[in-house]
Structures are given as structure tokens and as C-alpha cells.
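Here is run_35.pdb, consisting of PDB, C-alpha atoms, pLDDT in the B column:
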ATOM      1  CA  GLN A 945      10.956 -22.284 230.957  1.00 50.00           C
ATOM      2  CA  ILE A 946       7.493 -21.413 232.208  1.00 60.00           C
ATOM      3  CA  ILE A 947       7.601 -23.076 235.612  1.00 61.00           C
ATOM      4  CA  GLY A 948       9.208 -20.726 238.074  1.00 64.00           C
ATOM      5  CA  LYS A 949       8.708 -17.684 235.851  1.00 70.00           C
ATOM      6  CA  MET A 950       4.924 -17.547 236.062  1.00 70.00           C
ATOM      7  CA  LYS A 951       3.859 -14.393 237.899  1.00 78.00           C
ATOM      8  CA  LYS A 952       1.523 -14.886 240.864  1.00 84.00           C
ATOM      9  CA  THR A 953      -1.288 -12.754 239.482  1.00 92.00           C
ATOM     10  CA  LEU A 954      -4.711 -13.042 237.917  1.00 94.00           C
ATOM     11  CA  GLU A 955      -4.185  -9.949 235.791  1.00 94.00           C
ATOM     12  CA  GLY A 956      -4.771 -10.855 232.171  1.00 93.00           C
ATOM     13  CA  ARG A 957      -6.028 -14.327 233.067  1.00 95.00           C
ATOM     14  CA  VAL A 958      -9.490 -15.863 232.793  1.00 98.00           C
ATOM     15  CA  VAL A 959     -11.605 -17.526 235.465  1.00 98.00           C
ATOM     16  CA  GLY A 960     -14.397 -19.782 234.245  1.00 98.00           C
ATOM     17  CA  ILE A 961     -17.504 -20.316 236.345  1.00 98.00           C
ATOM     18  CA  LEU A 962     -19.725 -23.311 235.633  1.00 98.00           C
ATOM     19  CA  ILE A 963     -23.334 -22.609 236.629  1.00 98.00           C
ATOM     20  CA  ASN A 964     -26.757 -24.099 236.058  1.00 97.00           C
ATOM     21  CA  ASP A 965     -30.368 -23.255 236.850  1.00 97.00           C
ATOM     22  CA  ARG A 966     -30.768 -22.314 240.512  1.00 97.00           C
ATOM     23  CA  SER A 967     -27.034 -21.848 241.140  1.00 98.00           C
ATOM     24  CA  ASP A 968     -26.505 -19.664 244.210  1.00 98.00           C
ATOM     25  CA  ALA A 969     -26.609 -16.100 242.884  1.00 98.00           C
ATOM     26  CA  LYS A 970     -24.683 -14.702 245.868  1.00 98.00           C
ATOM     27  CA  ALA A 971     -21.901 -17.267 245.493  1.00 98.00           C
ATOM     28  CA  VAL A 972     -21.589 -16.552 241.761  1.00 98.00           C
ATOM     29  CA  ALA A 973     -21.538 -12.790 242.377  1.00 98.00           C
ATOM     30  CA  ALA A 974     -18.879 -13.136 245.094  1.00 98.00           C
ATOM     31  CA  VAL A 975     -16.541 -15.103 242.826  1.00 98.00           C
ATOM     32  CA  VAL A 976     -17.122 -12.733 239.906  1.00 98.00           C
ATOM     33  CA  LYS A 977     -16.448  -9.688 242.077  1.00 98.00           C
ATOM     34  CA  ALA A 978     -13.283 -11.136 243.633  1.00 98.00           C
ATOM     35  CA  ALA A 979     -11.882 -12.392 240.315  1.00 98.00           C
ATOM     36  CA  GLU A 980     -12.524  -9.104 238.533  1.00 98.00           C
ATOM     37  CA  ALA A 981     -11.048  -7.128 241.444  1.00 97.00           C
ATOM     38  CA  ALA A 982      -7.886  -9.229 241.044  1.00 97.00           C
ATOM     39  CA  GLY A 983      -7.677  -8.230 237.362  1.00 97.00           C
ATOM     40  CA  SER A 984      -9.153 -11.361 235.841  1.00 97.00           C
ATOM     41  CA  THR A 985     -11.737 -11.698 233.121  1.00 98.00           C
ATOM     42  CA  VAL A 986     -14.651 -13.940 234.104  1.00 98.00           C
ATOM     43  CA  LYS A 987     -16.456 -16.217 231.665  1.00 98.00           C
ATOM     44  CA  ILE A 988     -19.691 -17.987 232.522  1.00 98.00           C
ATOM     45  CA  VAL A 989     -20.292 -21.531 231.305  1.00 98.00           C
ATOM     46  CA  ALA A 990     -23.753 -23.134 231.436  1.00 98.00           C
ATOM     47  CA  PRO A 991     -25.278 -26.367 230.150  1.00 97.00           C
ATOM     48  CA  LYS A 992     -27.411 -24.380 227.687  1.00 96.00           C
ATOM     49  CA  VAL A 993     -26.399 -21.653 225.241  1.00 94.00           C
ATOM     50  CA  GLY A 994     -29.001 -19.312 226.721  1.00 94.00           C
ATOM     51  CA  GLY A 995     -27.440 -19.318 230.186  1.00 97.00           C
ATOM     52  CA  ALA A 996     -29.169 -20.155 233.445  1.00 98.00           C
ATOM     53  CA  VAL A 997     -31.692 -18.720 235.886  1.00 98.00           C
ATOM     54  CA  LEU A 998     -29.919 -18.262 239.224  1.00 98.00           C
ATOM     55  CA  SER A 999     -31.406 -18.762 242.694  1.00 98.00           C
ATOM     56  CA  SER A1000     -32.359 -15.068 242.755  1.00 98.00           C
ATOM     57  CA  GLY A1001     -34.586 -15.537 239.692  1.00 98.00           C
ATOM     58  CA  THR A1002     -32.152 -13.518 237.578  1.00 97.00           C
ATOM     59  CA  LYS A1003     -31.133 -14.929 234.228  1.00 98.00           C
ATOM     60  CA  MET A1004     -27.365 -15.018 233.773  1.00 98.00           C
ATOM     61  CA  ALA A1005     -26.106 -15.118 230.209  1.00 98.00           C
ATOM     62  CA  ALA A1006     -23.496 -17.714 229.343  1.00 98.00           C
ATOM     63  CA  ASP A1007     -20.289 -16.955 227.492  1.00 98.00           C
ATOM     64  CA  GLY A1008     -20.062 -20.603 226.533  1.00 98.00           C
ATOM     65  CA  GLN A1009     -22.082 -23.796 226.486  1.00 98.00           C
ATOM     66  CA  LEU A1010     -20.698 -26.619 228.638  1.00 98.00           C
ATOM     67  CA  ALA A1011     -20.431 -29.093 225.753  1.00 96.00           C
ATOM     68  CA  GLY A1012     -18.224 -26.701 223.768  1.00 97.00           C
ATOM     69  CA  THR A1013     -16.378 -24.744 226.441  1.00 98.00           C
ATOM     70  CA  PRO A1014     -13.993 -27.014 228.344  1.00 98.00           C
ATOM     71  CA  SER A1015     -12.106 -25.902 231.438  1.00 98.00           C
ATOM     72  CA  ILE A1016      -8.836 -25.962 229.501  1.00 97.00           C
ATOM     73  CA  ASN A1017      -9.893 -22.512 228.231  1.00 97.00           C
ATOM     74  CA  PHE A1018      -9.485 -21.009 231.708  1.00 98.00           C
ATOM     75  CA  ASP A1019      -6.697 -20.362 234.184  1.00 96.00           C
ATOM     76  CA  ALA A1020      -8.878 -21.364 237.148  1.00 98.00           C
ATOM     77  CA  VAL A1021     -12.470 -22.513 237.548  1.00 98.00           C
ATOM     78  CA  ALA A1022     -15.340 -22.285 239.984  1.00 98.00           C
ATOM     79  CA  VAL A1023     -18.161 -24.818 239.924  1.00 98.00           C
ATOM     80  CA  ILE A1024     -21.288 -23.355 241.503  1.00 98.00           C
ATOM     81  CA  LEU A1025     -24.248 -25.658 240.965  1.00 98.00           C
ATOM     82  CA  SER A1026     -27.668 -26.165 242.465  1.00 96.00           C
ATOM     83  CA  GLU A1027     -28.149 -29.510 244.169  1.00 94.00           C
ATOM     84  CA  GLU A1028     -30.639 -30.585 241.495  1.00 94.00           C
ATOM     85  CA  GLY A1029     -28.367 -29.414 238.706  1.00 92.00           C
ATOM     86  CA  ALA A1030     -25.406 -31.250 240.156  1.00 95.00           C
ATOM     87  CA  GLY A1031     -27.505 -34.412 240.241  1.00 94.00           C
ATOM     88  CA  GLN A1032     -28.155 -34.014 236.528  1.00 94.00           C
ATOM     89  CA  LEU A1033     -24.591 -33.101 235.595  1.00 97.00           C
ATOM     90  CA  VAL A1034     -22.913 -36.060 237.297  1.00 96.00           C
ATOM     91  CA  SER A1035     -24.004 -38.136 234.297  1.00 95.00           C
ATOM     92  CA  ASP A1036     -22.942 -35.495 231.753  1.00 96.00           C
ATOM     93  CA  ALA A1037     -19.531 -36.334 230.289  1.00 97.00           C
ATOM     94  CA  ALA A1038     -18.753 -32.694 229.481  1.00 97.00           C
ATOM     95  CA  ALA A1039     -19.429 -31.673 233.093  1.00 97.00           C
ATOM     96  CA  VAL A1040     -17.295 -34.452 234.546  1.00 97.00           C
ATOM     97  CA  ASP A1041     -14.558 -33.622 232.019  1.00 97.00           C
ATOM     98  CA  PHE A1042     -14.797 -29.934 232.974  1.00 98.00           C
ATOM     99  CA  VAL A1043     -13.773 -30.818 236.527  1.00 98.00           C
ATOM    100  CA  ARG A1044     -11.318 -33.596 235.644  1.00 97.00           C
ATOM    101  CA  ASP A1045      -9.504 -31.474 233.034  1.00 97.00           C
ATOM    102  CA  ALA A1046      -9.175 -28.522 235.419  1.00 98.00           C
ATOM    103  CA  PHE A1047      -7.741 -30.878 238.031  1.00 97.00           C
ATOM    104  CA  GLY A1048      -5.438 -32.569 235.524  1.00 96.00           C
ATOM    105  CA  HIS A1049      -4.145 -29.221 234.316  1.00 96.00           C
ATOM    106  CA  LEU A1050      -3.250 -28.344 237.917  1.00 96.00           C
ATOM    107  CA  LYS A1051      -5.696 -25.441 238.187  1.00 97.00           C
ATOM    108  CA  ALA A1052      -7.377 -24.009 241.271  1.00 98.00           C
ATOM    109  CA  ILE A1053     -10.966 -25.205 241.556  1.00 98.00           C
ATOM    110  CA  ALA A1054     -13.610 -23.532 243.731  1.00 98.00           C
ATOM    111  CA  LEU A1055     -16.606 -25.679 244.661  1.00 98.00           C
ATOM    112  CA  ASP A1056     -19.885 -25.054 246.417  1.00 98.00           C
ATOM    113  CA  ASP A1057     -21.918 -28.038 247.661  1.00 97.00           C
ATOM    114  CA  GLY A1058     -23.310 -28.790 244.179  1.00 97.00           C
ATOM    115  CA  GLY A1059     -19.865 -28.398 242.656  1.00 97.00           C
ATOM    116  CA  ARG A1060     -18.480 -30.757 245.302  1.00 97.00           C
ATOM    117  CA  ALA A1061     -21.032 -33.393 244.267  1.00 96.00           C
ATOM    118  CA  LEU A1062     -19.825 -33.152 240.667  1.00 97.00           C
ATOM    119  CA  PHE A1063     -16.181 -33.220 241.793  1.00 97.00           C
ATOM    120  CA  ASP A1064     -16.807 -36.311 243.931  1.00 96.00           C
ATOM    121  CA  ALA A1065     -18.574 -38.026 241.008  1.00 94.00           C
ATOM    122  CA  SER A1066     -15.463 -37.433 238.909  1.00 94.00           C
ATOM    123  CA  GLY A1067     -13.521 -39.806 241.163  1.00 93.00           C
ATOM    124  CA  LEU A1068     -10.870 -37.252 242.133  1.00 94.00           C
ATOM    125  CA  GLU A1069      -9.274 -36.692 245.534  1.00 94.00           C
ATOM    126  CA  ALA A1070      -9.311 -33.088 246.729  1.00 95.00           C
ATOM    127  CA  ASP A1071      -6.024 -31.355 247.503  1.00 96.00           C
ATOM    128  CA  ALA A1072      -4.940 -27.833 248.484  1.00 96.00           C
ATOM    129  CA  GLY A1073      -6.062 -26.504 245.084  1.00 97.00           C
ATOM    130  CA  VAL A1074      -9.661 -27.576 245.617  1.00 98.00           C
ATOM    131  CA  ILE A1075     -11.188 -24.743 247.609  1.00 98.00           C
ATOM    132  CA  ALA A1076     -14.652 -24.002 248.995  1.00 98.00           C
ATOM    133  CA  ALA A1077     -16.353 -21.391 246.803  1.00 97.00           C
ATOM    134  CA  SER A1078     -17.281 -19.491 249.964  1.00 97.00           C
ATOM    135  CA  GLN A1079     -13.560 -18.928 250.576  1.00 98.00           C
ATOM    136  CA  THR A1080     -13.210 -16.397 247.755  1.00 97.00           C
ATOM    137  CA  LYS A1081      -9.941 -14.890 249.005  1.00 97.00           C
ATOM    138  CA  ALA A1082      -8.314 -18.327 249.239  1.00 98.00           C
ATOM    139  CA  PHE A1083      -9.614 -19.216 245.773  1.00 98.00           C
ATOM    140  CA  ILE A1084      -8.324 -15.989 244.219  1.00 97.00           C
ATOM    141  CA  ASP A1085      -4.926 -16.483 245.882  1.00 96.00           C
ATOM    142  CA  GLY A1086      -4.827 -20.078 244.652  1.00 96.00           C
ATOM    143  CA  ALA A1087      -5.975 -19.133 241.161  1.00 97.00           C
ATOM    144  CA  LYS A1088      -2.835 -17.051 240.678  1.00 95.00           C
ATOM    145  CA  GLY A1089      -0.748 -20.166 240.065  1.00 91.00           C
ATOM    146  CA  ARG A1090      -0.821 -23.898 239.487  1.00 91.00           C
ATOM    147  CA  TYR A1091      -0.726 -26.868 241.865  1.00 93.00           C
ATOM    148  CA  PHE A1092       2.389 -28.677 240.701  1.00 88.00           C
ATOM    149  CA  ASP A1093       2.317 -31.006 243.723  1.00 91.00           C
ATOM    150  CA  ARG A1094      -0.749 -32.575 242.088  1.00 93.00           C
ATOM    151  CA  GLU A1095       1.134 -33.539 238.937  1.00 91.00           C
ATOM    152  CA  ALA A1096       2.532 -36.886 240.102  1.00 89.00           C
ATOM    153  CA  GLY A1097      -0.993 -38.068 240.872  1.00 89.00           C
ATOM    154  CA  VAL A1098      -2.489 -37.166 237.510  1.00 91.00           C
ATOM    155  CA  ARG A1099       0.127 -38.290 234.980  1.00 89.00           C
ATOM    156  CA  ILE A1100       3.088 -40.546 234.457  1.00 88.00           C
ATOM    157  CA  LEU A1101       6.279 -38.639 235.088  1.00 79.00           C
ATOM    158  CA  PRO A1102       9.751 -39.675 233.900  1.00 74.00           C
TER     159      PRO A1102
END

Would you kindly transcribe this structure into C-alpha cells?
Amino acid sequence: QIIGKMKKTLEGRVVGILINDRSDAKAVAAVVKAAEAAGSTVKIVAPKVGGAVLSSGTKMAADGQLAGTPSINFDAVAVILSEEGAGQLVSDAAAVDFVRDAFGHLKAIALDDGGRALFDASGLEADAGVIAASQTKAFIDGAKGRYFDREAGVRILP
């Protein structure tokens, strides 16, 4: 049995952060800092293999390309997107799947305004596990487990 035995910790777990060009550098840095302080490894996912240029003008390398790095690889995800980038990604199946799969696998999801636009385009209804990216402490606390209350809304249960 895994349910009920899962430790409420991020130690040894992985948080994925989906970014794109002009993603808010401060928001990305805050999530990275909080996740790493909690003992998590952070992996950056971007639409392009080469990474993305953040709002600060700094290029952030990607650990994975969006089309080949689904959210199922992570224990929790943050979606920090520029407004323009979110507008482009709402029609990208891999981006929509990134959010939908994280939701369907009962993971905590942190969203900034661009991330919220992608989440809304996915047709999902937010719950307690969908957290504002600016609320890093709440996201880190939520990322330590799963949102089993969500399960009845995302799959057929016996």
C-alpha cells in the first residue's frame, strides 16, 4: 500500500517547472529556491531544447523539452509563463497535456497568471492543489503529497 504510507516530504522528489521566453525570473527563482530548500531536485522544462530567456534577460537552460518531458516525470509542477508564451502554448498539445496530466495524477500545481491561462485552456476546474505560484510556501507544503480528493473527478472509480 502506498496511500497512507507516503511521507509528507519533498526530500528525494522532483519538482518540474514549465517556463518559456519572458517567464518571470523572480517567480522562477522563488520556486526553485523553496523547492531546493525543501530537499527537492528541480528540473526546468521549456518549449525548446535550448531553454528560454527569462524576463530578466537571463537565459535559463532546460533539463527537458516540453514535447518530450511530460509532467508525469515530476512529483509536483509549477507553470510560470509569460502572457505571450501562454497564448502560444494554449494551442500546443504537449503544454495542455503537461497541465492535464499533472492534474490527473493528483499533483500540486503552482500557476502564475500565464500558467493560469494555460490551465484554464485545459478545461480543468481548480481545487486546493492548484496554487498561486506567488504562494511558494503553500505550494511546497502541497507538493509534499497528492490530492486524492481530486480523484473522483478525474477518473471512473469502482

task: Just the residues within 10 Å of region 1021-1033 of chain A, please, counting only C-alpha atoms, with nothing from its chain fewer than 4 positions along; format it as a PyMOL selection string.
output: chain A and resi 958-969+971-972+975-976+986-991+998-999+1015-1017+1037-1040+1042-1043+1046-1047+1051-1063+1065+1074-1077+1080+1083+1087

Suppose we keep C-alpha atoms; can you now write the selection as a PDB file, keeping the file's coordinate frame?
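And here's part-v7.pdb as it stands now:
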ATOM      1  CA  VAL A 958      -9.490 -15.863 232.793  1.00 98.00           C
ATOM      2  CA  VAL A 959     -11.605 -17.526 235.465  1.00 98.00           C
ATOM      3  CA  GLY A 960     -14.397 -19.782 234.245  1.00 98.00           C
ATOM      4  CA  ILE A 961     -17.504 -20.316 236.345  1.00 98.00           C
ATOM      5  CA  LEU A 962     -19.725 -23.311 235.633  1.00 98.00           C
ATOM      6  CA  ILE A 963     -23.334 -22.609 236.629  1.00 98.00           C
ATOM      7  CA  ASN A 964     -26.757 -24.099 236.058  1.00 97.00           C
ATOM      8  CA  ASP A 965     -30.368 -23.255 236.850  1.00 97.00           C
ATOM      9  CA  ARG A 966     -30.768 -22.314 240.512  1.00 97.00           C
ATOM     10  CA  SER A 967     -27.034 -21.848 241.140  1.00 98.00           C
ATOM     11  CA  ASP A 968     -26.505 -19.664 244.210  1.00 98.00           C
ATOM     12  CA  ALA A 969     -26.609 -16.100 242.884  1.00 98.00           C
ATOM     13  CA  ALA A 971     -21.901 -17.267 245.493  1.00 98.00           C
ATOM     14  CA  VAL A 972     -21.589 -16.552 241.761  1.00 98.00           C
ATOM     15  CA  VAL A 975     -16.541 -15.103 242.826  1.00 98.00           C
ATOM     16  CA  VAL A 976     -17.122 -12.733 239.906  1.00 98.00           C
ATOM     17  CA  VAL A 986     -14.651 -13.940 234.104  1.00 98.00           C
ATOM     18  CA  LYS A 987     -16.456 -16.217 231.665  1.00 98.00           C
ATOM     19  CA  ILE A 988     -19.691 -17.987 232.522  1.00 98.00           C
ATOM     20  CA  VAL A 989     -20.292 -21.531 231.305  1.00 98.00           C
ATOM     21  CA  ALA A 990     -23.753 -23.134 231.436  1.00 98.00           C
ATOM     22  CA  PRO A 991     -25.278 -26.367 230.150  1.00 97.00           C
ATOM     23  CA  LEU A 998     -29.919 -18.262 239.224  1.00 98.00           C
ATOM     24  CA  SER A 999     -31.406 -18.762 242.694  1.00 98.00           C
ATOM     25  CA  SER A1015     -12.106 -25.902 231.438  1.00 98.00           C
ATOM     26  CA  ILE A1016      -8.836 -25.962 229.501  1.00 97.00           C
ATOM     27  CA  ASN A1017      -9.893 -22.512 228.231  1.00 97.00           C
ATOM     28  CA  ALA A1037     -19.531 -36.334 230.289  1.00 97.00           C
ATOM     29  CA  ALA A1038     -18.753 -32.694 229.481  1.00 97.00           C
ATOM     30  CA  ALA A1039     -19.429 -31.673 233.093  1.00 97.00           C
ATOM     31  CA  VAL A1040     -17.295 -34.452 234.546  1.00 97.00           C
ATOM     32  CA  PHE A1042     -14.797 -29.934 232.974  1.00 98.00           C
ATOM     33  CA  VAL A1043     -13.773 -30.818 236.527  1.00 98.00           C
ATOM     34  CA  ALA A1046      -9.175 -28.522 235.419  1.00 98.00           C
ATOM     35  CA  PHE A1047      -7.741 -30.878 238.031  1.00 97.00           C
ATOM     36  CA  LYS A1051      -5.696 -25.441 238.187  1.00 97.00           C
ATOM     37  CA  ALA A1052      -7.377 -24.009 241.271  1.00 98.00           C
ATOM     38  CA  ILE A1053     -10.966 -25.205 241.556  1.00 98.00           C
ATOM     39  CA  ALA A1054     -13.610 -23.532 243.731  1.00 98.00           C
ATOM     40  CA  LEU A1055     -16.606 -25.679 244.661  1.00 98.00           C
ATOM     41  CA  ASP A1056     -19.885 -25.054 246.417  1.00 98.00           C
ATOM     42  CA  ASP A1057     -21.918 -28.038 247.661  1.00 97.00           C
ATOM     43  CA  GLY A1058     -23.310 -28.790 244.179  1.00 97.00           C
ATOM     44  CA  GLY A1059     -19.865 -28.398 242.656  1.00 97.00           C
ATOM     45  CA  ARG A1060     -18.480 -30.757 245.302  1.00 97.00           C
ATOM     46  CA  ALA A1061     -21.032 -33.393 244.267  1.00 96.00           C
ATOM     47  CA  LEU A1062     -19.825 -33.152 240.667  1.00 97.00           C
ATOM     48  CA  PHE A1063     -16.181 -33.220 241.793  1.00 97.00           C
ATOM     49  CA  ALA A1065     -18.574 -38.026 241.008  1.00 94.00           C
ATOM     50  CA  VAL A1074      -9.661 -27.576 245.617  1.00 98.00           C
ATOM     51  CA  ILE A1075     -11.188 -24.743 247.609  1.00 98.00           C
ATOM     52  CA  ALA A1076     -14.652 -24.002 248.995  1.00 98.00           C
ATOM     53  CA  ALA A1077     -16.353 -21.391 246.803  1.00 97.00           C
ATOM     54  CA  THR A1080     -13.210 -16.397 247.755  1.00 97.00           C
ATOM     55  CA  PHE A1083      -9.614 -19.216 245.773  1.00 98.00           C
ATOM     56  CA  ALA A1087      -5.975 -19.133 241.161  1.00 97.00           C
TER      57      ALA A1087
END

field: Length of the CA of Ala978 (chain A) to CA of Gly1048 (chain A) vector [Å]
entry: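 Going from CA of Ala978 (chain A) over to CA of Gly1048 (chain A) covers 24.2 Å.
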
field: Test item: the PyMOL selection byres ((chain A and resi 1050) around 10) resolved as a list in words
entry: Asp1019, Ala1020, Arg1044, Asp1045, Ala1046, Phe1047, Gly1048, His1049, Lys1051, Ala1052, Ile1053, Gly1073, Gly1089, Arg1090, Tyr1091, Phe1092, Asp1093, Arg1094, Glu1095 and Val1098 of chain A

With C-alpha atoms kept, could you save the residues just selected as a PDB file, in the coordinates of the input?
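Produced file result.pdb, reproduced below:
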ATOM      1  CA  ASP A1019      -6.697 -20.362 234.184  1.00 96.00           C
ATOM      2  CA  ALA A1020      -8.878 -21.364 237.148  1.00 98.00           C
ATOM      3  CA  ARG A1044     -11.318 -33.596 235.644  1.00 97.00           C
ATOM      4  CA  ASP A1045      -9.504 -31.474 233.034  1.00 97.00           C
ATOM      5  CA  ALA A1046      -9.175 -28.522 235.419  1.00 98.00           C
ATOM      6  CA  PHE A1047      -7.741 -30.878 238.031  1.00 97.00           C
ATOM      7  CA  GLY A1048      -5.438 -32.569 235.524  1.00 96.00           C
ATOM      8  CA  HIS A1049      -4.145 -29.221 234.316  1.00 96.00           C
ATOM      9  CA  LYS A1051      -5.696 -25.441 238.187  1.00 97.00           C
ATOM     10  CA  ALA A1052      -7.377 -24.009 241.271  1.00 98.00           C
ATOM     11  CA  ILE A1053     -10.966 -25.205 241.556  1.00 98.00           C
ATOM     12  CA  GLY A1073      -6.062 -26.504 245.084  1.00 97.00           C
ATOM     13  CA  GLY A1089      -0.748 -20.166 240.065  1.00 91.00           C
ATOM     14  CA  ARG A1090      -0.821 -23.898 239.487  1.00 91.00           C
ATOM     15  CA  TYR A1091      -0.726 -26.868 241.865  1.00 93.00           C
ATOM     16  CA  PHE A1092       2.389 -28.677 240.701  1.00 88.00           C
ATOM     17  CA  ASP A1093       2.317 -31.006 243.723  1.00 91.00           C
ATOM     18  CA  ARG A1094      -0.749 -32.575 242.088  1.00 93.00           C
ATOM     19  CA  GLU A1095       1.134 -33.539 238.937  1.00 91.00           C
ATOM     20  CA  VAL A1098      -2.489 -37.166 237.510  1.00 91.00           C
TER      21      VAL A1098
END

Separation of CA of Ser1066 (chain A) from CA of Ile1100 (chain A), in Å and rounded to one decimal: 19.3 Å

message: Could you tell me, as a list in words, exactly which residues end up selected when the PyMOL selection byres ((chain A and resi 992-994) around 7) is applied to this structure?
response: Ala990, Pro991, Gly995, Ala996, Ala1005, Ala1006, Gly1008 and Gln1009 of chain A

Rebuild region 1075-1083 of chain A to all heavy atoms - output it as a short mmCIF file (atom, residue, chain, number, x, y, z; two decimals), keeping the file's coordinate frame, please.
data_model
loop_
_atom_site.label_atom_id
_atom_site.label_comp_id
_atom_site.auth_asym_id
_atom_site.auth_seq_id
_atom_site.Cartn_x
_atom_site.Cartn_y
_atom_site.Cartn_z
N ILE A 1075 -10.87 -25.72 246.57
CA ILE A 1075 -11.19 -24.74 247.61
C ILE A 1075 -12.70 -24.50 247.66
O ILE A 1075 -13.36 -24.47 246.62
CB ILE A 1075 -10.45 -23.42 247.29
CG1 ILE A 1075 -8.94 -23.70 247.19
CG2 ILE A 1075 -10.76 -22.33 248.31
CD1 ILE A 1075 -8.16 -22.66 246.41
N ALA A 1076 -13.23 -24.32 248.85
CA ALA A 1076 -14.65 -24.00 249.00
C ALA A 1076 -14.94 -22.67 248.31
O ALA A 1076 -14.20 -21.70 248.49
CB ALA A 1076 -15.03 -23.93 250.47
N ALA A 1077 -15.99 -22.62 247.53
CA ALA A 1077 -16.35 -21.39 246.80
C ALA A 1077 -16.62 -20.23 247.77
O ALA A 1077 -16.42 -19.08 247.41
CB ALA A 1077 -17.57 -21.64 245.91
N SER A 1078 -17.03 -20.55 248.97
CA SER A 1078 -17.28 -19.49 249.96
C SER A 1078 -15.99 -18.83 250.44
O SER A 1078 -16.02 -17.74 251.00
CB SER A 1078 -18.04 -20.06 251.16
OG SER A 1078 -17.27 -21.08 251.79
N GLN A 1079 -14.87 -19.46 250.18
CA GLN A 1079 -13.56 -18.93 250.58
C GLN A 1079 -12.96 -18.18 249.38
O GLN A 1079 -11.93 -18.59 248.82
CB GLN A 1079 -12.63 -20.07 251.02
CG GLN A 1079 -13.18 -20.90 252.16
CD GLN A 1079 -13.37 -20.07 253.42
OE1 GLN A 1079 -12.51 -19.29 253.80
NE2 GLN A 1079 -14.52 -20.24 254.06
N THR A 1080 -13.61 -17.08 248.99
CA THR A 1080 -13.21 -16.40 247.76
C THR A 1080 -11.78 -15.89 247.79
O THR A 1080 -11.08 -15.98 246.80
CB THR A 1080 -14.17 -15.24 247.42
OG1 THR A 1080 -14.29 -14.37 248.54
CG2 THR A 1080 -15.53 -15.75 247.02
N LYS A 1081 -11.32 -15.38 248.93
CA LYS A 1081 -9.94 -14.89 249.00
C LYS A 1081 -8.96 -16.04 248.78
O LYS A 1081 -8.00 -15.90 248.01
CB LYS A 1081 -9.66 -14.20 250.33
CG LYS A 1081 -8.25 -13.63 250.41
CD LYS A 1081 -7.96 -12.97 251.74
CE LYS A 1081 -6.59 -12.39 251.87
NZ LYS A 1081 -5.52 -12.91 251.07
N ALA A 1082 -9.20 -17.17 249.42
CA ALA A 1082 -8.31 -18.33 249.24
C ALA A 1082 -8.34 -18.81 247.79
O ALA A 1082 -7.29 -19.17 247.23
CB ALA A 1082 -8.72 -19.46 250.19
N PHE A 1083 -9.52 -18.80 247.17
CA PHE A 1083 -9.61 -19.22 245.77
C PHE A 1083 -8.84 -18.27 244.87
O PHE A 1083 -8.07 -18.71 244.01
CB PHE A 1083 -11.08 -19.31 245.32
CG PHE A 1083 -11.23 -19.54 243.84
CD1 PHE A 1083 -10.72 -20.68 243.24
CD2 PHE A 1083 -11.85 -18.59 243.03
CE1 PHE A 1083 -10.84 -20.89 241.86
CE2 PHE A 1083 -11.98 -18.80 241.67
CZ PHE A 1083 -11.48 -19.95 241.08
#
